[in-house]
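Q: Sharing entry-v6.txt, compact mmCIF, C-alpha atoms and all ligand atoms:
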# COMPACT_ATOMS: atom_id res chain seq x y z
CA MET A 1 9.79 5.62 -11.13
CA ARG A 2 7.05 3.13 -11.97
CA ASP A 3 6.66 2.14 -15.63
CA LEU A 4 3.18 3.42 -16.53
CA ARG A 5 2.79 1.31 -19.66
CA GLN A 6 3.62 -1.86 -17.75
CA ILE A 7 1.18 -0.87 -14.98
CA HIS A 8 -1.55 -0.29 -17.57
CA ARG A 9 -0.89 -3.73 -19.09
CA VAL A 10 -1.25 -5.39 -15.69
CA GLU A 11 -4.42 -3.48 -14.84
CA ARG A 12 -6.02 -4.03 -18.24
CA ALA A 13 -5.36 -7.77 -18.13
CA LYS A 14 -6.64 -8.12 -14.58
CA TRP A 15 -9.87 -6.17 -15.09
CA ASP A 16 -10.53 -7.61 -18.54
CA GLU A 17 -10.41 -11.08 -17.02
CA GLN A 18 -12.71 -10.09 -14.17
CA ALA A 19 -15.19 -8.40 -16.56
CA GLN A 20 -15.18 -11.44 -18.87
CA ARG A 21 -16.35 -13.57 -15.94
CA GLU A 22 -19.27 -11.24 -15.16
CA ILE A 23 -20.33 -9.95 -18.56
CA ASN A 24 -23.07 -12.53 -19.06
CA SER A 25 -24.63 -12.18 -15.63
CA LEU A 26 -25.51 -8.46 -15.65
CA GLY A 27 -29.14 -7.61 -15.01
CA VAL A 28 -31.53 -4.79 -14.22
CA LEU A 29 -30.34 -2.71 -11.27
CA HIS A 30 -32.72 -2.40 -8.32
CA ASP A 31 -31.76 1.12 -7.17
CA PRO A 32 -33.89 3.77 -8.87
CA ASP A 33 -31.01 6.27 -9.06
CA PHE A 34 -27.52 7.20 -7.86
CA GLN A 35 -28.72 8.92 -4.68
CA SER A 36 -30.64 5.90 -3.41
CA TYR A 37 -27.69 3.61 -4.17
CA ALA A 38 -25.26 5.94 -2.35
CA ALA A 39 -27.54 6.01 0.71
CA HIS A 40 -27.04 2.29 1.37
CA ALA A 41 -23.62 1.68 -0.23
CA THR A 42 -20.92 0.96 2.35
CA THR A 43 -18.26 3.06 0.59
CA MET A 44 -19.89 6.26 -0.70
CA ARG A 45 -19.89 8.36 2.46
CA GLY A 46 -21.09 11.94 1.86
CA ILE A 47 -20.69 11.84 -1.91
CA ALA A 48 -24.31 12.10 -3.11
CA GLU A 49 -24.97 14.92 -0.63
CA PHE A 50 -21.85 16.81 -1.77
CA LEU A 51 -22.65 16.48 -5.49
CA GLY A 52 -26.31 17.47 -5.08
CA ASP A 53 -28.85 17.40 -7.89
CA LEU A 54 -27.29 15.82 -10.99
CA ARG A 55 -30.14 16.45 -13.43
CA GLY A 56 -28.84 17.91 -16.68
CA LYS A 57 -25.23 17.99 -15.42
CA ARG A 58 -22.31 16.73 -17.49
CA VAL A 59 -20.84 14.01 -15.29
CA LEU A 60 -17.65 12.01 -15.83
CA GLU A 61 -17.17 8.70 -14.04
CA MET A 62 -13.52 7.61 -13.85
CA GLY A 63 -12.74 3.87 -13.79
CA CYS A 64 -16.36 2.85 -14.33
CA GLY A 65 -15.74 -0.90 -14.31
CA LEU A 66 -18.93 -2.75 -15.26
CA GLY A 67 -20.99 0.44 -15.31
CA HIS A 68 -23.05 0.06 -12.15
CA ILE A 69 -22.63 3.67 -11.02
CA ALA A 70 -22.67 5.07 -14.58
CA VAL A 71 -26.13 3.53 -15.16
CA LEU A 72 -27.43 4.96 -11.88
CA LEU A 73 -26.02 8.40 -12.69
CA ALA A 74 -27.90 8.29 -15.99
CA ARG A 75 -31.05 7.31 -14.10
CA SER A 76 -30.48 10.40 -11.94
CA GLY A 77 -30.81 12.54 -15.07
CA ALA A 78 -27.09 13.30 -15.64
CA LYS A 79 -25.47 13.35 -19.08
CA VAL A 80 -22.88 10.72 -18.32
CA THR A 81 -19.49 9.98 -19.79
CA ALA A 82 -17.69 7.04 -18.20
CA PHE A 83 -14.31 5.54 -18.98
CA ASP A 84 -12.16 2.63 -17.98
CA ILE A 85 -8.80 1.25 -19.06
CA SER A 86 -10.29 -2.24 -19.51
CA PRO A 87 -12.03 -2.68 -22.90
CA ILE A 88 -14.02 -5.71 -21.69
CA SER A 89 -15.25 -3.71 -18.69
CA VAL A 90 -16.39 -0.94 -21.04
CA LEU A 91 -18.16 -3.53 -23.21
CA ALA A 92 -19.86 -4.95 -20.10
CA ALA A 93 -20.85 -1.41 -19.05
CA SER A 94 -22.43 -0.75 -22.43
CA ARG A 95 -24.37 -4.04 -22.21
CA ARG A 96 -25.51 -3.07 -18.76
CA ALA A 97 -26.61 0.34 -20.06
CA CYS A 98 -28.72 -1.37 -22.75
CA ILE A 99 -30.24 -3.88 -20.29
CA ASN A 100 -31.20 -0.95 -18.08
CA GLY A 101 -32.49 1.18 -20.95
CA VAL A 102 -30.13 4.16 -20.44
CA GLU A 103 -27.79 3.74 -23.42
CA GLU A 104 -28.95 7.09 -24.85
CA GLY A 105 -27.74 9.05 -21.83
CA LEU A 106 -24.39 7.32 -21.51
CA ASP A 107 -21.14 7.74 -23.42
CA LEU A 108 -18.64 4.94 -22.69
CA VAL A 109 -14.96 5.27 -23.53
CA VAL A 110 -11.83 3.12 -23.20
CA ALA A 111 -9.17 5.43 -21.73
CA ALA A 112 -6.52 5.74 -19.05
CA GLY A 113 -6.96 8.21 -16.22
CA GLU A 114 -3.48 9.56 -16.89
CA GLU A 115 -4.38 10.61 -20.46
CA LEU A 116 -7.98 11.76 -20.78
CA PRO A 117 -9.41 12.13 -24.29
CA PHE A 118 -11.66 15.03 -23.22
CA ALA A 119 -11.43 18.77 -23.81
CA ASP A 120 -10.45 21.16 -21.02
CA GLU A 121 -13.32 22.14 -18.70
CA SER A 122 -15.82 19.64 -20.16
CA PHE A 123 -17.53 18.36 -17.01
CA ASP A 124 -19.62 19.85 -14.19
CA VAL A 125 -18.91 16.83 -12.02
CA VAL A 126 -16.23 14.13 -11.93
CA LEU A 127 -16.50 11.13 -9.66
CA GLY A 128 -15.08 7.69 -9.09
CA LYS A 129 -15.22 4.76 -6.73
CA GLY A 130 -12.05 2.82 -6.03
CA VAL A 131 -10.15 4.28 -8.98
CA LEU A 132 -7.67 6.96 -7.83
CA HIS A 133 -5.49 4.40 -6.06
CA HIS A 134 -4.97 2.69 -9.44
CA LEU A 135 -3.67 5.86 -11.07
CA ASP A 136 -0.36 7.70 -11.15
CA VAL A 137 -1.24 10.81 -9.19
CA SER A 138 1.69 12.82 -10.59
CA VAL A 139 0.01 12.78 -14.03
CA ALA A 140 -3.66 11.99 -13.41
CA ALA A 141 -4.34 14.72 -10.82
CA GLY A 142 -3.58 17.35 -13.50
CA GLU A 143 -5.90 15.60 -15.94
CA LEU A 144 -8.74 15.50 -13.42
CA TYR A 145 -8.32 19.24 -12.77
CA ARG A 146 -8.08 20.04 -16.47
CA VAL A 147 -11.37 18.40 -17.53
CA LEU A 148 -13.43 19.88 -14.68
CA LYS A 149 -15.27 23.15 -15.37
CA PRO A 150 -14.62 26.18 -13.15
CA GLY A 151 -17.07 25.89 -10.26
CA GLY A 152 -17.22 22.12 -10.85
CA LYS A 153 -17.12 19.45 -8.17
CA ALA A 154 -15.26 16.15 -7.94
CA ALA A 155 -15.71 13.37 -5.39
CA PHE A 156 -14.10 9.98 -4.88
CA ALA A 157 -14.41 7.02 -2.54
CA GLU A 158 -11.04 5.32 -2.09
CA PRO A 159 -9.38 2.70 0.09
CA MET A 160 -6.70 3.94 2.49
CA GLY A 161 -3.46 2.08 3.06
CA MET A 162 -2.16 3.20 6.45
CA ASN A 163 -3.56 0.53 8.75
CA PRO A 164 -0.95 -2.26 9.12
CA LEU A 165 -3.57 -4.84 10.11
CA LEU A 166 -5.70 -3.99 7.10
CA LYS A 167 -2.62 -4.13 4.87
CA PHE A 168 -1.92 -7.64 6.12
CA VAL A 169 -5.54 -8.72 5.49
CA ARG A 170 -5.56 -7.18 1.99
CA ASN A 171 -2.30 -8.89 1.12
CA TYR A 172 -2.76 -12.31 2.65
CA ILE A 173 -6.29 -13.11 3.90
CA PRO A 174 -9.14 -14.13 1.57
CA TYR A 175 -12.54 -12.48 2.20
CA PRO A 176 -15.85 -12.40 0.32
CA GLU A 177 -15.85 -10.43 -2.98
CA LYS A 178 -12.17 -9.53 -2.58
CA ASN A 179 -10.75 -7.91 -5.72
CA PRO A 180 -7.54 -9.48 -7.02
CA ARG A 181 -4.46 -7.29 -6.41
CA GLY A 182 -2.93 -5.61 -9.46
CA ALA A 183 -0.80 -2.48 -9.55
CA ASP A 184 -3.09 -0.59 -7.16
CA ARG A 185 -1.88 1.00 -3.90
CA PRO A 186 -4.46 2.12 -1.30
CA LEU A 187 -3.84 5.80 -0.58
CA ASN A 188 -1.72 7.41 2.11
CA TYR A 189 -2.08 11.03 3.23
CA ARG A 190 0.72 12.26 0.96
CA GLU A 191 -1.11 10.92 -2.13
CA ILE A 192 -4.46 12.14 -0.86
CA ARG A 193 -3.02 15.65 -0.50
CA ALA A 194 -1.54 15.41 -3.99
CA TRP A 195 -4.99 14.64 -5.44
CA GLY A 196 -6.49 17.67 -3.76
CA SER A 197 -3.68 20.21 -3.99
CA ARG A 198 -4.84 22.07 -7.13
CA PHE A 199 -8.39 22.70 -5.96
CA ALA A 200 -9.72 25.88 -4.34
CA ARG A 201 -11.54 23.78 -1.73
CA PHE A 202 -10.54 20.29 -0.69
CA ARG A 203 -11.58 18.17 2.25
CA ILE A 204 -11.63 14.50 3.12
CA GLU A 205 -13.60 12.25 5.42
CA GLU A 206 -12.15 9.00 6.67
CA TYR A 207 -14.61 6.25 7.64
CA GLN A 208 -14.92 2.56 8.46
CA LEU A 209 -12.75 1.92 11.47
CA LEU A 210 -14.70 -0.74 13.39
CA SER A 211 -17.35 -0.88 10.69
CA MET A 212 -14.82 -2.11 8.14
CA VAL A 213 -16.15 -5.56 9.05
CA GLU A 214 -19.28 -4.62 7.05
CA ARG A 215 -17.31 -5.85 4.07
CA GLY A 216 -14.59 -7.94 5.64
CA LEU A 217 -17.02 -10.36 7.24
CA GLY A 218 -19.22 -10.36 4.17
CA PHE A 219 -22.22 -8.38 5.52
CA ASN A 220 -21.86 -5.86 2.67
CA ARG A 221 -24.52 -3.62 4.16
CA PRO A 222 -24.41 -0.83 6.72
CA LEU A 223 -24.17 -1.90 10.38
CA PRO A 224 -25.63 1.18 12.12
CA LEU A 225 -24.29 0.52 15.63
CA LEU A 226 -20.72 0.12 14.42
CA ARG A 227 -21.06 3.23 12.26
CA LYS A 228 -22.22 5.22 15.29
CA ALA A 229 -19.29 3.89 17.33
CA ASP A 230 -16.94 4.94 14.51
CA ASP A 231 -18.41 8.44 14.30
CA PHE A 232 -17.94 8.84 18.05
CA LEU A 233 -14.36 7.50 18.08
CA LEU A 234 -13.21 9.38 14.97
CA ARG A 235 -14.59 12.67 16.29
CA ARG A 236 -13.03 12.20 19.72
CA VAL A 237 -9.68 10.69 18.65
CA PRO A 238 -8.67 12.16 15.26
CA LEU A 239 -5.42 10.16 15.36
CA LEU A 240 -7.47 7.04 14.67
CA ARG A 241 -8.61 8.38 11.30
CA ARG A 242 -5.47 7.20 9.54
CA TYR A 243 -6.41 3.61 10.38
CA CYS A 244 -9.77 3.75 8.60
CA ARG A 245 -10.44 1.53 5.62
CA TYR A 246 -11.95 4.18 3.36
CA VAL A 247 -11.82 7.88 2.62
CA SER A 248 -14.07 10.21 0.64
CA LEU A 249 -12.36 13.09 -1.17
CA PHE A 250 -14.34 16.25 -1.95
CA MET A 251 -12.91 18.83 -4.38
CA GLU A 252 -14.22 22.13 -5.76
CA LYS A 253 -12.61 24.12 -8.56
CA ALA A 254 -12.69 27.92 -8.33
C1 LIG B 301 -11.65 -1.39 -8.03
S1 LIG B 301 -12.21 -1.27 -9.70
C2 LIG B 301 -13.59 -0.16 -9.46
C3 LIG B 301 -14.58 -0.24 -10.57
C4 LIG B 301 -15.84 0.60 -10.37
N1 LIG B 301 -15.53 1.97 -10.10
C5 LIG B 301 -16.65 0.01 -9.23
O1 LIG B 301 -16.68 0.62 -8.16
O2 LIG B 301 -17.23 -1.06 -9.41
C6 LIG B 301 -10.98 -0.24 -10.44
C7 LIG B 301 -11.26 0.10 -11.90
O3 LIG B 301 -10.26 1.02 -12.34
C8 LIG B 301 -9.88 0.67 -13.65
N2 LIG B 301 -8.52 1.19 -13.89
C9 LIG B 301 -7.35 0.75 -13.38
N3 LIG B 301 -6.33 1.52 -13.80
C10 LIG B 301 -6.86 2.48 -14.59
C11 LIG B 301 -6.32 3.57 -15.34
N4 LIG B 301 -5.02 3.84 -15.33
N5 LIG B 301 -7.18 4.34 -16.04
C12 LIG B 301 -8.51 4.09 -16.05
N6 LIG B 301 -9.08 3.07 -15.38
C13 LIG B 301 -8.27 2.28 -14.65
C14 LIG B 301 -9.95 -0.83 -13.68
O4 LIG B 301 -10.05 -1.34 -14.99
C15 LIG B 301 -11.19 -1.10 -12.83
O5 LIG B 301 -12.36 -1.15 -13.61
Starting from the file, lay out its structure as structure tokens.
A:
Amino acid sequence: MRDLRQIHRVERAKWDEQAQREINSLGVLHDPDFQSYAAHATTMRGIAEFLGDLRGKRVLEMGCGLGHIAVLLARSGAKVTAFDISPISVLAASRRACINGVEEGLDLVVAAGEELPFADESFDVVLGKGVLHHLDVSVAAGELYRVLKPGGKAAFAEPMGMNPLLKFVRNYIPYPEKNPRGADRPLNYREIRAWGSRFARFRIEEYQLLSMVERGLGFNRPLPLLRKADDFLLRRVPLLRRYCRYVSLFMEKA
């Protein structure tokens, strides 16, 4: 049994330090809204399409970090609440909201994903990027389900941890914009199933097999030919899906 309080201390310290380094260099974001960001982001496969029109929706972003996505969600017309366990990240996110002129539409909270300070069934949409694999699924999956309204949707983009080569690279090889390792554990299928088990509808899409070099080699932009090759391979040889770098999770509550 992992000690949750100790894990939270490690994560808070790590992300506070990272946020402190970036807090003074935040500027105006170029993307006009969440949908246009998701269209070119390397790790948001299918999410904007699944969530649809966000105007007027109550949206919760989990593990918002420095607020990049939260600001874009507000620009898309959502009423956004975003939280993170790192107080300095939340401070940076609120600065970013002010710089981008969306502070009115954005409620920022310091909280842990395992203990959400929100009422039952408060949100139409819950989403997160790179956050579930930091959380204790045995507690946090129930919290996610609890705060989502009936008929609500949740979507996440998460790293997967079943490719031994990728595991080695993550653990030992430096690459551009690599996040420092804390208590996080890229997801395996057992954890992925645990995140989705409560929902009436749940599906996943694995991606980035060959195209994982988009990030690894520092391109950080879509490489269309490699993406096409991935689509072909992953359709033809489903066994390869477990070796992908990323997975999108799509949930719907009855
Ligand atoms: C990989 S970063 C992703 C940040 C942001 N979503 C992004 O894509 O830029 C993971 C984030 O999860 C937050 N985090 C880690 N453990 C958490 C927990 N138990 N509850 C809430 N947030 C947590 C970290 O502080 C960090 O900001």
Q: Compare A:Asp33, A:Asp3, A:Glu206, A:Glu103 by their minimum atom-to-atom distance to Val80 (chain A), counting only C-alpha atoms, and give me the closest one.
A: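 When distances to Val80 (chain A) are compared using only C-alpha atoms, the smallest one comes from A:Glu103.
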Q: Collect all residues with atoms no farther than 8 Å from ligand LIG 301 (chain B), counting all atoms listed in the file, and output them as a PyMOL selection string.
A: chain A and resi 7-8+11-12+14-16+61-69+83-86+89+110-114+128-132+134-136+179+184
Q: Give me, please, the distance in Å between CA of Gly46 (chain A) and CA of Thr81 (chain A), quoted to one decimal.
A: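 It comes out at 21.8 Å.
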Q: What does the distance between CA of Met44 (chain A) and CA of Ser248 (chain A) come to in Å, to one decimal place?
A: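 Interatomic distance, CA of Met44 (chain A) to CA of Ser248 (chain A): 7.2 Å.
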Q: Considering all atoms listed in the file, give me a table of residues in region 155-208 of chain A that are at most 10 Å from region 47-55 of chain A, with the closest atom pair and distance in Å for each, as CSV.
A:
residue,atom,partner,partner_atom,distance
A:Ala155,CA,A:Ile47,CA,6.3
A:Phe156,CA,A:Ile47,CA,7.5
A:Ala157,CA,A:Ile47,CA,7.9
Q: Would you mind listing what lies within 10 Å of region 191-202 of chain A as a list in words, with all atoms listed in the file counted and same-chain residues fewer than 4 positions away left out?
A: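 Contacts, in chain order: Leu132, His133, Asp136, Val137, Ser138, Ala140, Ala141, Gly142, Leu144, Tyr145, Gly151, Lys153, Ala154, Ala155, Glu158, Met160, Pro186, Leu187, Val247, Ser248, Leu249, Phe250, Met251, Glu252, Lys253 and Ala254 of chain A.
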Q: Suppose you want the space between CA of Leu73 (chain A) and CA of Ser36 (chain A); what is it in Å?
A: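 Atom-to-atom, CA of Leu73 (chain A) and CA of Ser36 (chain A) are spaced 10.7 Å apart.
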Q: Between A:Ala229, A:Leu106, A:Met212, A:Leu26, which has the minimum distance to Lys79 (chain A) (counting all atoms listed in the file)?
A: A:Leu106
